[in-house]
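Notes for the one structure printed next.
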Amino acid sequence: MTERYVLAVDQGTTSTRAIVFDRGGRLVAVRQREHRQFFPRPGWVEHDPEEIWANTQLTAAQVLRDVAGRPGRVVALGIANQRETTVVWERATGRPVLRALVWQDTRTGPLVEELSARPDAAIVRERAGMEIAGYFAGPRLRWVLDAVPRARERAERGELLFGTMESWLIWNLTGGPDGGVHVTDVTNASRTLLMDVRTCAWDPDLLDFFGVPGAMLPEIRPSIGVLGTATALPVPVPIGGALGDQQAALFGQTCFSPGEAKCTYGTGSFLLQNTGTELVHSAHGLISTVAYQLAGEPAHYALEGSIAVTGALVQWLRDGLGLIGSAPEVETLARTVDDNGGCYIVPAFSGLLAPHWQGEARGLVAGLTSYVTKGHLARAVLEATGWQTRDVVRAMDADSGLPLSALRVDGGMTTNNLLMQFLADVLDTPVVRPMVGETVSLGAGYAAGLAVGMWSDTEALRGNWHRSAQWSPRPQRAAELDAEYAAWERAVRLSIAWGDRHFR
Amino acid sequence: MFDIVGRIWPTVPAMPGSVQSLERAAAILRAIAGSGGQMGVTELAGAVGLAKTTAHGLLRTLLSLGFVEQDADSGRYLLGTGLLDLGSHYLDANELRSRASNWCDSLAARSGCSVRLGTLAGFQVVVVHHVFRPDDSAQELEVGAALPAHATVLGKVLLAFRPAASRPPADPRLERSTAATIVDPAALTAELKGVRGRGWAVQREERVPGEGGLAAPVHGAGGLVVAALGVTAPVPEVFGSAGAVRPALLEMVLEAAAAVSRELVRS
């Protein structure tokens with residue numbers, strides 16, 4: 001049998017990567033290209049959709065060329081994308097009406113406040129499964145419709161199209177103005193606030209609430225299932241699936257059973273727990289989101305805890321304070337001391353996300369004494385990631401009733417052994433890292449391969465998952481940290497109070 | 001490159017305003033670093049386009065500064081510990097792990113063996129990174145462990161490629177882990193010489209009965225060996241029926257070590 005490969009495109013916040021995987025889920029070739037970040041005003045973050053499309057075409061063509069000499073062929077393309085980033089473009093020309101509004105962009109703050117104050121605002125939480133927040137795509141789309149002259153009227157006539165990044169790429173890959181397929185997948189649609197999270201269809205009342213014309217919306221499709229053929233690549237390849245990046249990582253980590261969870265540790269961190277085919281409404285500050293859907297099957301759901309600042313705190317130690325020369329050196333510095341010296345850092349640089357959702361909270365360093373050295377600060381920096389994970393895991397236990405038996409981790413911070421051991425101790429749960437660190441791309445690749453029968457089912461994928469490392473909790477340390485957790489919680493309350501206008 | 005009368009252009013062109021002997025010395029250091037091992041004076045002179053006597057004079061100065069060292073047996077030159085002390089070559093172990101991580105994962109996934117990356121501390125190997133054997137069996141993470149250098153495949157690579165490799169091992173007490181551990185200093189010196197010549201090391205049940213290993217050097221910026229990268233597996237997975245190292249495994253290890261070296265030089 002000739003070898004078959006899948007091509008995954010990971011369209012991320014800072015770069016676009018094209019990766020080819022084999023049937024064993026092993027990385028065969030990779031190409032990457034960064035794109036520009038635009039910051040036109042404080043709090044505004046934009047990307048050029050045409051640049052991202054060009055980078056996608058380029059990296060995909062390069063990586064296809066890299067594997068062209070091998071026996072076998074690439075049988076499907078899967079896409080994972082930065083979530084909630086919003087693109088609006090002209091159907092006839094393919095030209096975006098504005099640059100993309102990136103998920104980190106906070107310009108919709110006043111709009112969100114206005115929408116939240118409406119008497120009918122409760123339907124958003126009830127139908128979409130999430131609170132109204134500037135983090136999601138719906139308010140951004142509304143902002144574009146308000147800001148661009150005649151946009152709403154043109155959208156109603158079907159002249160303008162909306163999409164998150166995967167819609168934009170699929171439309172272009174399948175022909176663009178010349179017959180491009182205008183679709184999104186359920187995971188991405190679940191991040192718009194416009195979809196009924198139970199029926200997985202656009203909700204007319206939500207469209208009404210946000211003032212969005214239905215004519216401009218993409219068709220919602222399962223995450224795994226052929227969406228069209230990528231004719232814009234040198235070799236036409238069927239597009240077998242698309243997933244938001246964090247859902248793709250959950251899929252790549254083969255968390256297919258209720259209770260299985262992964263956390264991706266990057267600039268920020270995202271913990272997702274599979275809750276099965278039943279939607280779990282969070283009562284503890286988590287997001288109910290779609291995990292994935294195979295064509296012809298019911299959607300699987302997840303609870304999500306998003307942490308804004310984890311790796312970014314290490315970057316701050318490096319760039320803001322200059323205490324380390326490179327990010328990995330934080331571990332070296334932290335190992336110069338045995339504990340945090342009573343010091344806690346709450347990195348609420350632009351508020352706190354899950355499970356607190358306190359946009360006005362601000363960061364603080366608590367417990368400073370003359371005993372505290374830069375080594376203790378480095379410990380506190382790493383521990384902040386562990387404590388924040390514990391906050392999210394506690395909320396998840398309470399919401400899902402599915403206690404974590406192990407946490408699967410990925411992302412750049414997982415090479416930090418001190419942090420991984422701290423996580424195991426502070427969660428009192430084994431922490432396990434998989435052999436393939438590129439879980440986002442792998443998830444997209446798996447989705448695509450499943451759609452075209454390269455793998456028979458999700459069980460076949462489990463066989464590809466292997467541990468590369470495991471950190472086990474040490475009972476005595478776990479008990480100590482359990483006692484110390486109250487101090488962290490006190491520090492969090494202080495950071496919330498610091499930003500609270502009633503407290504001023 | 002040849003000029004019109006067929007003479008070889010010196011590969012160290014004199015730049016206006018520069019100190020020629022410094023340029024030449026730098027070229028010599030680069031040539032040794034680029035060779036990844038040792039070079040004789042004739043070979044060096046040829047490589048940098050200098051007369052043998054000129055090269056010899058420069059080498060004597062570099063030797064006195066500790067920037068090169070001379071192998072006691074062969075008289076060939078290798079990079080000296082003086083270069084390590086310059087500071088720019090200091091490589092943080094956590095930085096090393098972070099840069100090497102993807103390549104180590106890939107080596108474990110492809111080879112089916114466990115992977116370790118180590119550095120030398122005295123006569124011990126400190127495990128900087130460890131990737132489990134991908135069979136989901138129970139395994140303990142060994143990061144931070146200090147292992148006897150002479151009994152491990154990583155240690156043999158690191159001892160063989162020490163800048164001061166010409167000297168006999170500093171620690172004369174070679175303790176036995178298994179019946180196969182090399183405990184005779186002369187035998188170890190011979191073994192290390194072989195490793196240096198081949199560019200990689202093997203071990204067969206020298207630390208744990210039933211276990212074999214294969215490792216190669218990782219070069220940092222400047223060409224010095226800063227770490228060793230290797231695989232460990234049951235003996236039949238490392239050695240074929242005739243007792244020779246499995247060529248496919250050797251190729252994977254050498255490729256991975258070269259990839260990590262490139263990663264370290266890149267920044």
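Residue numbering restarts at 1 for every chain of the structure tokens, chains are lettered A, B, ... in their displayed order, and ligands are numbered from 1 as they appear.
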Mind listing as an mmCIF file with C-alpha atoms, in the first residue's frame which residues of chain B are within 6 Å of chain A, counting only C-alpha atoms?
data_model
loop_
_atom_site.group_PDB
_atom_site.id
_atom_site.type_symbol
_atom_site.label_atom_id
_atom_site.label_comp_id
_atom_site.auth_asym_id
_atom_site.auth_seq_id
_atom_site.Cartn_x
_atom_site.Cartn_y
_atom_site.Cartn_z
ATOM 1 C CA ASN B 94 17.076 24.675 30.224
ATOM 2 C CA GLU B 95 17.670 26.649 27.047
ATOM 3 C CA SER B 98 13.902 23.918 24.974
ATOM 4 C CA ASP B 105 10.492 13.881 20.335
ATOM 5 C CA VAL B 131 11.858 11.423 26.190
ATOM 6 C CA PHE B 132 10.126 8.166 27.046
ATOM 7 C CA PRO B 134 6.974 5.456 22.864
ATOM 8 C CA ASP B 136 3.441 3.765 27.001
#
Check your understanding: Got a sec: who's within 12 Å of Gly57 of chain B, counting only C-alpha atoms, leaving out chain neighbours fewer than 5 positions off, as a PyMOL selection string?
Key -> chain B and resi 21+24-25+28+41+45+50-52+62-64
Exercise for review: Write out as a ChimeraX atom specification each polymer residue whose atoms come within 8 Å of Leu111 of chain A, counting only C-alpha atoms; drop sequence neighbours fewer than 3 positions from it.
Suggested key: /A:108,114-115,139,143
Generate the output file for the selected residues, N, CA and C atoms, as a CSV table (one decimal), in the first residue's frame.
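Below is the file out13.csv, written as the result:
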chain,number,residue,atom,x,y,z
A,108,THR,N,-14.3,46.4,21.1
A,108,THR,CA,-15.8,46.3,21.3
A,108,THR,C,-16.3,46.4,22.7
A,114,GLU,N,-22.9,48.0,26.3
A,114,GLU,CA,-24.2,48.4,25.9
A,114,GLU,C,-25.2,47.2,25.6
A,115,LEU,N,-24.6,46.2,24.9
A,115,LEU,CA,-25.4,45.0,24.6
A,115,LEU,C,-25.8,44.2,25.9
A,139,PRO,N,-19.7,40.3,18.5
A,139,PRO,CA,-19.6,41.7,18.7
A,139,PRO,C,-18.6,42.4,17.7
A,143,TRP,N,-19.5,45.4,15.1
A,143,TRP,CA,-18.6,46.6,15.1
A,143,TRP,C,-18.3,47.0,13.7
Point to revise | Residues near segment 148-152 of chain B, cut-off 12 Å, only C-alpha atoms, skip fewer than 5 positions along chain, as a ChimeraX atom specification | key: /B:116-127,157-160,169-185,187-189,191-192,201-209,211-215,228-232
Restricting the output to C-alpha atoms, write the selected residues as a PDB file, in the first residue's frame.
ATOM      1  CA  ARG B 116      18.333  11.353  26.432  1.00  0.00           C
ATOM      2  CA  LEU B 117      20.259  14.574  26.053  1.00  0.00           C
ATOM      3  CA  GLY B 118      23.099  15.159  28.500  1.00  0.00           C
ATOM      4  CA  THR B 119      25.934  17.466  29.425  1.00  0.00           C
ATOM      5  CA  LEU B 120      29.151  16.771  31.279  1.00  0.00           C
ATOM      6  CA  ALA B 121      29.694  17.849  34.889  1.00  0.00           C
ATOM      7  CA  GLY B 122      33.086  16.595  36.045  1.00  0.00           C
ATOM      8  CA  PHE B 123      33.034  12.887  35.467  1.00  0.00           C
ATOM      9  CA  GLN B 124      29.270  12.588  35.408  1.00  0.00           C
ATOM     10  CA  VAL B 125      26.596  13.085  32.796  1.00  0.00           C
ATOM     11  CA  VAL B 126      23.680  15.276  33.818  1.00  0.00           C
ATOM     12  CA  VAL B 127      20.484  14.320  31.991  1.00  0.00           C
ATOM     13  CA  VAL B 157      30.675  10.955  23.681  1.00  0.00           C
ATOM     14  CA  LEU B 158      31.180  13.833  26.088  1.00  0.00           C
ATOM     15  CA  LEU B 159      34.484  12.493  27.455  1.00  0.00           C
ATOM     16  CA  ALA B 160      35.739  11.775  23.952  1.00  0.00           C
ATOM     17  CA  PRO B 169      40.328  11.002  32.511  1.00  0.00           C
ATOM     18  CA  ALA B 170      40.391  13.182  35.607  1.00  0.00           C
ATOM     19  CA  ASP B 171      38.695  10.615  37.811  1.00  0.00           C
ATOM     20  CA  PRO B 172      40.729   7.432  38.031  1.00  0.00           C
ATOM     21  CA  ARG B 173      38.036   5.536  39.948  1.00  0.00           C
ATOM     22  CA  LEU B 174      36.056   3.821  37.229  1.00  0.00           C
ATOM     23  CA  GLU B 175      33.272   2.089  39.078  1.00  0.00           C
ATOM     24  CA  ARG B 176      31.599  -0.985  37.771  1.00  0.00           C
ATOM     25  CA  SER B 177      27.870  -0.918  36.944  1.00  0.00           C
ATOM     26  CA  THR B 178      27.778  -4.275  35.132  1.00  0.00           C
ATOM     27  CA  ALA B 179      30.231  -6.922  33.997  1.00  0.00           C
ATOM     28  CA  ALA B 180      30.616  -5.025  30.716  1.00  0.00           C
ATOM     29  CA  THR B 181      31.468  -1.607  32.204  1.00  0.00           C
ATOM     30  CA  ILE B 182      34.877  -0.367  31.088  1.00  0.00           C
ATOM     31  CA  VAL B 183      36.850   0.054  34.316  1.00  0.00           C
ATOM     32  CA  ASP B 184      40.419  -0.091  32.996  1.00  0.00           C
ATOM     33  CA  PRO B 185      41.682   3.478  32.333  1.00  0.00           C
ATOM     34  CA  ALA B 187      40.807   0.576  27.820  1.00  0.00           C
ATOM     35  CA  LEU B 188      38.655   3.643  28.365  1.00  0.00           C
ATOM     36  CA  THR B 189      41.240   5.892  26.716  1.00  0.00           C
ATOM     37  CA  GLU B 191      37.524   3.445  23.611  1.00  0.00           C
ATOM     38  CA  LEU B 192      37.302   7.254  23.681  1.00  0.00           C
ATOM     39  CA  ALA B 201      29.585   6.077  20.611  1.00  0.00           C
ATOM     40  CA  VAL B 202      27.852   2.825  21.482  1.00  0.00           C
ATOM     41  CA  GLN B 203      27.419   0.915  24.683  1.00  0.00           C
ATOM     42  CA  ARG B 204      26.331  -2.649  25.141  1.00  0.00           C
ATOM     43  CA  GLU B 205      25.055  -3.643  28.593  1.00  0.00           C
ATOM     44  CA  GLU B 206      27.680  -1.395  30.196  1.00  0.00           C
ATOM     45  CA  ARG B 207      25.277   0.232  32.619  1.00  0.00           C
ATOM     46  CA  VAL B 208      22.135  -1.918  32.688  1.00  0.00           C
ATOM     47  CA  PRO B 209      22.104  -5.593  31.665  1.00  0.00           C
ATOM     48  CA  GLU B 211      20.322  -2.512  27.417  1.00  0.00           C
ATOM     49  CA  GLY B 212      22.272  -0.936  24.589  1.00  0.00           C
ATOM     50  CA  GLY B 213      22.794   2.642  23.502  1.00  0.00           C
ATOM     51  CA  LEU B 214      24.000   4.839  20.708  1.00  0.00           C
ATOM     52  CA  ALA B 215      24.862   8.559  20.920  1.00  0.00           C
ATOM     53  CA  ALA B 228      25.433  14.426  23.690  1.00  0.00           C
ATOM     54  CA  LEU B 229      22.206  13.060  22.264  1.00  0.00           C
ATOM     55  CA  GLY B 230      21.457   9.370  22.295  1.00  0.00           C
ATOM     56  CA  VAL B 231      18.988   6.513  22.329  1.00  0.00           C
ATOM     57  CA  THR B 232      18.653   3.564  24.692  1.00  0.00           C
TER      58      THR B 232
END
Practice item. Write out as a PyMOL selection string all residues of segment 33-238 of chain B that backbone DSSP assigns to strand (DSSP E). Key: chain B and resi 68-70+77-79+114-121+124-131+146-148+201-204+211-219+225-234
Review point. Using the chain letters and numbers from this document, which residues of segment 394-496 of chain A does DSSP assign to helix (DSSP H, G or I), as a ChimeraX atom specification?
Key: /A:394-400,412-415,417-427,439-451,458-462,475-496
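Interatomic distance, atom CA of Gly367 of chain A to atom CA of Cys343 of chain A: 4.7 Å.
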**Study point:** Test item: residues at most 8 Å from Val452 of chain A, only C-alpha atoms, excluding those fewer than 5 positions along its chain, as a VMD selection string
**Key:** chain A and resid 75 to 76 225 to 226 240
Check your understanding: Which residues come within 8 Å of Leu481 of chain A, counting only C-alpha atoms, excluding same-chain residues fewer than 4 positions away, as an MDAnalysis selection string?
Key -> chainID A and resid 425:426 477 485
Check your understanding: From the set A:Trp488, A:Phe270, A:Phe136, A:Trp498, which residue has the shortest atom-to-atom contact distance to Leu303 of chain A, counting only C-alpha atoms?
Key ->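 Among the listed residues, A:Phe270 lies closest to Leu303 of chain A.
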Near segment 187-196 of chain A, 7 Å: segment 261-310 of chain A residue rows, closest pairs, only C-alpha atoms, as JSON lines:
{"residue": "A:Thr289", "atom": "CA", "partner": "A:Ser190", "partner_atom": "CA", "distance": 6.1}
{"residue": "A:Val290", "atom": "CA", "partner": "A:Thr187", "partner_atom": "CA", "distance": 5.0}
{"residue": "A:Ala291", "atom": "CA", "partner": "A:Thr187", "partner_atom": "CA", "distance": 6.2}
{"residue": "A:Tyr292", "atom": "CA", "partner": "A:Thr187", "partner_atom": "CA", "distance": 6.1}
